[in-house]
file upload.csv (CSV, C-alpha atoms)
chain,number,residue,atom,x,y,z
A,1,MET,CA,121.8,70.9,70.3
A,2,GLU,CA,120.8,68.6,67.5
A,3,VAL,CA,122.9,67.9,64.4
A,4,LEU,CA,121.5,69.7,61.5
A,5,VAL,CA,121.9,69.1,57.7
A,6,LEU,CA,123.4,72.5,56.9
A,7,LEU,CA,124.0,75.7,58.8
A,8,HIS,CA,123.4,78.9,56.8
A,9,LEU,CA,125.2,82.0,58.1
A,10,VAL,CA,123.6,85.1,56.7
A,11,PHE,CA,125.8,88.2,56.9
A,12,ASN,CA,123.8,90.4,54.4
A,13,SER,CA,120.4,92.0,54.3
A,14,SER,CA,118.1,91.0,51.5
A,15,TYR,CA,117.7,94.7,50.9
A,16,LYS,CA,121.4,95.0,50.1
A,17,THR,CA,122.0,91.9,48.0
A,18,ALA,CA,119.7,89.7,46.0
A,19,THR,CA,121.8,86.6,46.8
A,20,THR,CA,120.3,86.5,50.3
A,21,LEU,CA,116.9,85.8,48.6
A,22,GLU,CA,118.4,82.8,46.9
A,23,LEU,CA,118.6,81.3,50.4
A,24,ILE,CA,115.0,80.3,50.1
A,25,ASP,CA,115.8,77.9,47.3
A,26,PHE,CA,118.5,76.1,49.3
A,27,VAL,CA,117.0,75.7,52.8
A,28,ILE,CA,115.6,72.2,53.6
A,29,PRO,CA,114.0,70.9,56.8
A,30,ASN,CA,116.5,70.4,59.6
A,31,ASP,CA,118.7,73.2,58.3
A,32,ALA,CA,119.5,76.1,60.6
A,33,ILE,CA,119.8,79.7,59.7
A,34,ILE,CA,121.7,82.3,61.7
A,35,PHE,CA,121.4,86.0,60.8
A,36,ILE,CA,124.5,87.9,61.9
A,37,GLU,CA,126.0,91.3,61.2
A,38,ASP,CA,123.8,93.2,58.7
A,39,GLY,CA,121.9,89.9,58.1
A,40,VAL,CA,119.8,90.7,61.2
A,41,TYR,CA,118.1,93.4,59.1
A,42,ASN,CA,116.3,90.5,57.4
A,43,ILE,CA,114.0,90.5,60.4
A,44,LEU,CA,112.3,93.4,58.6
A,45,ASN,CA,111.5,91.2,55.5
A,46,ASP,CA,108.3,89.4,56.5
A,47,SER,CA,108.0,87.7,53.1
A,48,LEU,CA,111.5,86.2,53.3
A,49,LEU,CA,111.0,85.0,56.9
A,50,ASP,CA,107.6,83.5,56.1
A,51,LYS,CA,109.1,81.4,53.3
A,52,LEU,CA,112.0,80.3,55.4
A,53,GLN,CA,109.8,79.4,58.4
A,54,ALA,CA,107.7,77.3,56.1
A,55,THR,CA,110.8,75.1,55.6
A,56,THR,CA,112.7,75.2,58.9
A,57,LYS,CA,111.9,76.3,62.4
A,58,SER,CA,115.6,76.8,63.3
A,59,ILE,CA,116.1,80.5,62.6
A,60,TYR,CA,118.3,82.5,64.9
A,61,TYR,CA,119.6,86.0,65.3
A,62,LEU,CA,122.9,87.0,67.0
A,63,GLU,CA,121.8,89.1,69.9
A,64,ASN,CA,124.7,91.5,69.9
A,65,ASP,CA,124.1,92.4,66.3
A,66,VAL,CA,120.3,92.8,66.9
A,67,VAL,CA,121.0,95.2,69.8
A,68,ALA,CA,123.7,97.1,68.0
A,69,ARG,CA,121.2,97.9,65.1
A,70,GLY,CA,118.3,98.8,67.4
A,71,LEU,CA,116.1,95.9,66.2
A,72,MET,CA,115.1,94.4,69.6
A,73,PRO,CA,111.5,95.7,69.3
A,74,LYS,CA,111.2,93.7,66.1
A,75,ILE,CA,112.3,90.4,67.6
A,76,LYS,CA,109.1,89.2,69.2
A,77,GLU,CA,109.2,85.4,69.6
A,78,ARG,CA,112.2,84.9,67.3
A,79,ALA,CA,115.2,83.2,68.8
A,80,LEU,CA,118.2,85.2,69.9
A,81,ILE,CA,121.6,83.5,70.4
A,82,ASN,CA,124.8,84.6,71.9
A,83,TYR,CA,128.4,84.0,70.7
A,84,LEU,CA,128.7,80.8,72.7
A,85,ASP,CA,125.5,79.4,71.0
A,86,LEU,CA,127.0,80.4,67.6
A,87,VAL,CA,130.2,78.5,68.4
A,88,ARG,CA,128.1,75.4,69.5
A,89,LEU,CA,126.1,75.5,66.3
A,90,THR,CA,129.2,75.7,64.1
A,91,GLU,CA,130.8,72.9,66.0
A,92,ASN,CA,127.8,70.7,65.5
A,93,ASN,CA,127.6,71.2,61.8
A,94,SER,CA,130.3,70.2,59.4
A,95,GLN,CA,128.6,71.8,56.5
A,96,ILE,CA,128.3,75.6,56.7
A,97,ILE,CA,127.5,78.0,53.9
A,98,SER,CA,127.8,81.8,54.2
A,99,TRP,CA,125.4,84.2,52.5
call {"tool": "encode", "arguments": {"input": "upload.csv", "output": "structure tokens"}}
result
Amino acid sequence: MEVLVLLHLVFNSSYKTATTLELIDFVIPNDAIIFIEDGVYNILNDSLLDKLQATTKSIYYLENDVVARGLMPKIKERALINYLDLVRLTENNSQIISW
């Protein structure tokens, strides 16, 4: 996997906390975003995802959390990752921010 500028770990839904929406202002090209835990609910927020995808194509969802929340039908072409992928991404990025 390529080295990225910043890895964003999104734990919360934009429906639960407004700070998740601030992510839009901080993402730059080559950043990666991983939605985990309740953050996978952001797959339901098309407006947020459209804005993020306009900046970066590296948007991932932790598969176990997607399955646990019954969101698999919403995934479509979006990238699922497993725990090993998550570990690799965190190893390859020295700068990580949690949302």
call {"tool": "closest_residue", "arguments": {"input": "upload.csv", "among": "A:Leu21, A:Tyr15, A:Asn82, A:Leu89", "to": "A:Leu48", "atoms": "only C-alpha atoms"}}
result
A:Leu21
call {"tool": "closest_residue", "arguments": {"input": "upload.csv", "among": "A:Leu9, A:Val40, A:Leu62, A:Ile24", "to": "A:Leu84", "atoms": "all atoms listed in the file"}}
result
A:Leu62
call {"tool": "residues_around", "arguments": {"input": "upload.csv", "residues": "A:Ser58", "least_positions_apart": "3", "cutoff": "7 Å", "atoms": "all atoms listed in the file", "output": "PDB file with C-alpha atoms, in the frame of the given file"}}
result
ATOM      1  CA  ASP A  31     118.700  73.200  58.300  1.00  0.00           C
ATOM      2  CA  ALA A  32     119.500  76.100  60.600  1.00  0.00           C
ATOM      3  CA  ILE A  33     119.800  79.700  59.700  1.00  0.00           C
TER       4      ILE A  33
END
call {"tool": "closest_residue", "arguments": {"input": "upload.csv", "among": "A:Trp99, A:Tyr41, A:Phe11, A:Phe35", "to": "A:Ile81", "atoms": "all atoms listed in the file"}}
result
A:Phe35
call {"tool": "closest_residue", "arguments": {"input": "upload.csv", "among": "A:Ala18, A:Tyr61, A:Ile28, A:Asn42", "to": "A:Asp85", "atoms": "only C-alpha atoms"}}
result
A:Tyr61
call {"tool": "build_atoms", "arguments": {"input": "upload.csv", "residues": "stretch 29-53 of chain A", "atoms": "N, CA and C atoms", "output": "PDB file, in the frame of the given file"}}
result
ATOM      1  N   PRO A  29     114.307  71.160  55.356  1.00  0.00           N
ATOM      2  CA  PRO A  29     114.000  70.900  56.800  1.00  0.00           C
ATOM      3  C   PRO A  29     115.260  70.379  57.495  1.00  0.00           C
ATOM      4  N   ASN A  30     115.361  70.739  58.756  1.00  0.00           N
ATOM      5  CA  ASN A  30     116.500  70.400  59.600  1.00  0.00           C
ATOM      6  C   ASN A  30     117.691  71.330  59.427  1.00  0.00           C
ATOM      7  N   ASP A  31     117.686  72.187  58.421  1.00  0.00           N
ATOM      8  CA  ASP A  31     118.700  73.200  58.300  1.00  0.00           C
ATOM      9  C   ASP A  31     118.513  74.256  59.367  1.00  0.00           C
ATOM     10  N   ALA A  32     119.579  74.959  59.694  1.00  0.00           N
ATOM     11  CA  ALA A  32     119.500  76.100  60.600  1.00  0.00           C
ATOM     12  C   ALA A  32     119.995  77.336  59.898  1.00  0.00           C
ATOM     13  N   ILE A  33     119.409  78.468  60.251  1.00  0.00           N
ATOM     14  CA  ILE A  33     119.800  79.700  59.700  1.00  0.00           C
ATOM     15  C   ILE A  33     120.163  80.679  60.829  1.00  0.00           C
ATOM     16  N   ILE A  34     121.323  81.308  60.716  1.00  0.00           N
ATOM     17  CA  ILE A  34     121.700  82.300  61.700  1.00  0.00           C
ATOM     18  C   ILE A  34     121.956  83.617  60.989  1.00  0.00           C
ATOM     19  N   PHE A  35     121.195  84.619  61.375  1.00  0.00           N
ATOM     20  CA  PHE A  35     121.400  86.000  60.800  1.00  0.00           C
ATOM     21  C   PHE A  35     122.344  86.704  61.747  1.00  0.00           C
ATOM     22  N   ILE A  36     123.458  87.164  61.146  1.00  0.00           N
ATOM     23  CA  ILE A  36     124.500  87.900  61.900  1.00  0.00           C
ATOM     24  C   ILE A  36     124.894  89.130  61.114  1.00  0.00           C
ATOM     25  N   GLU A  37     125.601  90.031  61.789  1.00  0.00           N
ATOM     26  CA  GLU A  37     126.000  91.300  61.200  1.00  0.00           C
ATOM     27  C   GLU A  37     124.811  91.986  60.562  1.00  0.00           C
ATOM     28  N   ASP A  38     124.925  92.492  59.315  1.00  0.00           N
ATOM     29  CA  ASP A  38     123.800  93.200  58.700  1.00  0.00           C
ATOM     30  C   ASP A  38     122.682  92.176  58.285  1.00  0.00           C
ATOM     31  N   GLY A  39     122.947  90.885  58.381  1.00  0.00           N
ATOM     32  CA  GLY A  39     121.900  89.900  58.100  1.00  0.00           C
ATOM     33  C   GLY A  39     120.738  89.987  59.070  1.00  0.00           C
ATOM     34  N   VAL A  40     120.948  90.567  60.258  1.00  0.00           N
ATOM     35  CA  VAL A  40     119.800  90.700  61.200  1.00  0.00           C
ATOM     36  C   VAL A  40     118.757  91.638  60.666  1.00  0.00           C
ATOM     37  N   TYR A  41     119.091  92.487  59.705  1.00  0.00           N
ATOM     38  CA  TYR A  41     118.100  93.400  59.100  1.00  0.00           C
ATOM     39  C   TYR A  41     117.001  92.551  58.372  1.00  0.00           C
ATOM     40  N   ASN A  42     117.271  91.299  58.075  1.00  0.00           N
ATOM     41  CA  ASN A  42     116.300  90.500  57.400  1.00  0.00           C
ATOM     42  C   ASN A  42     115.036  90.238  58.293  1.00  0.00           C
ATOM     43  N   ILE A  43     115.125  90.569  59.559  1.00  0.00           N
ATOM     44  CA  ILE A  43     114.000  90.500  60.400  1.00  0.00           C
ATOM     45  C   ILE A  43     112.859  91.415  59.967  1.00  0.00           C
ATOM     46  N   LEU A  44     113.224  92.399  59.165  1.00  0.00           N
ATOM     47  CA  LEU A  44     112.300  93.400  58.600  1.00  0.00           C
ATOM     48  C   LEU A  44     111.579  92.867  57.361  1.00  0.00           C
ATOM     49  N   ASN A  45     112.061  91.761  56.803  1.00  0.00           N
ATOM     50  CA  ASN A  45     111.500  91.200  55.500  1.00  0.00           C
ATOM     51  C   ASN A  45     110.589  90.059  55.845  1.00  0.00           C
ATOM     52  N   ASP A  46     109.323  90.390  56.114  1.00  0.00           N
ATOM     53  CA  ASP A  46     108.300  89.400  56.500  1.00  0.00           C
ATOM     54  C   ASP A  46     108.161  88.300  55.408  1.00  0.00           C
ATOM     55  N   SER A  47     108.217  88.694  54.161  1.00  0.00           N
ATOM     56  CA  SER A  47     108.000  87.700  53.100  1.00  0.00           C
ATOM     57  C   SER A  47     109.150  86.676  53.089  1.00  0.00           C
ATOM     58  N   LEU A  48     110.383  87.116  53.234  1.00  0.00           N
ATOM     59  CA  LEU A  48     111.500  86.200  53.300  1.00  0.00           C
ATOM     60  C   LEU A  48     111.374  85.271  54.509  1.00  0.00           C
ATOM     61  N   LEU A  49     111.070  85.829  55.667  1.00  0.00           N
ATOM     62  CA  LEU A  49     111.000  85.000  56.900  1.00  0.00           C
ATOM     63  C   LEU A  49     109.832  84.028  56.831  1.00  0.00           C
ATOM     64  N   ASP A  50     108.702  84.426  56.266  1.00  0.00           N
ATOM     65  CA  ASP A  50     107.600  83.500  56.100  1.00  0.00           C
ATOM     66  C   ASP A  50     107.954  82.292  55.293  1.00  0.00           C
ATOM     67  N   LYS A  51     108.658  82.543  54.197  1.00  0.00           N
ATOM     68  CA  LYS A  51     109.100  81.400  53.300  1.00  0.00           C
ATOM     69  C   LYS A  51     110.090  80.540  53.999  1.00  0.00           C
ATOM     70  N   LEU A  52     111.014  81.127  54.749  1.00  0.00           N
ATOM     71  CA  LEU A  52     112.000  80.300  55.400  1.00  0.00           C
ATOM     72  C   LEU A  52     111.386  79.520  56.572  1.00  0.00           C
ATOM     73  N   GLN A  53     110.471  80.128  57.315  1.00  0.00           N
ATOM     74  CA  GLN A  53     109.800  79.400  58.400  1.00  0.00           C
ATOM     75  C   GLN A  53     108.909  78.308  57.941  1.00  0.00           C
TER      76      GLN A  53
END
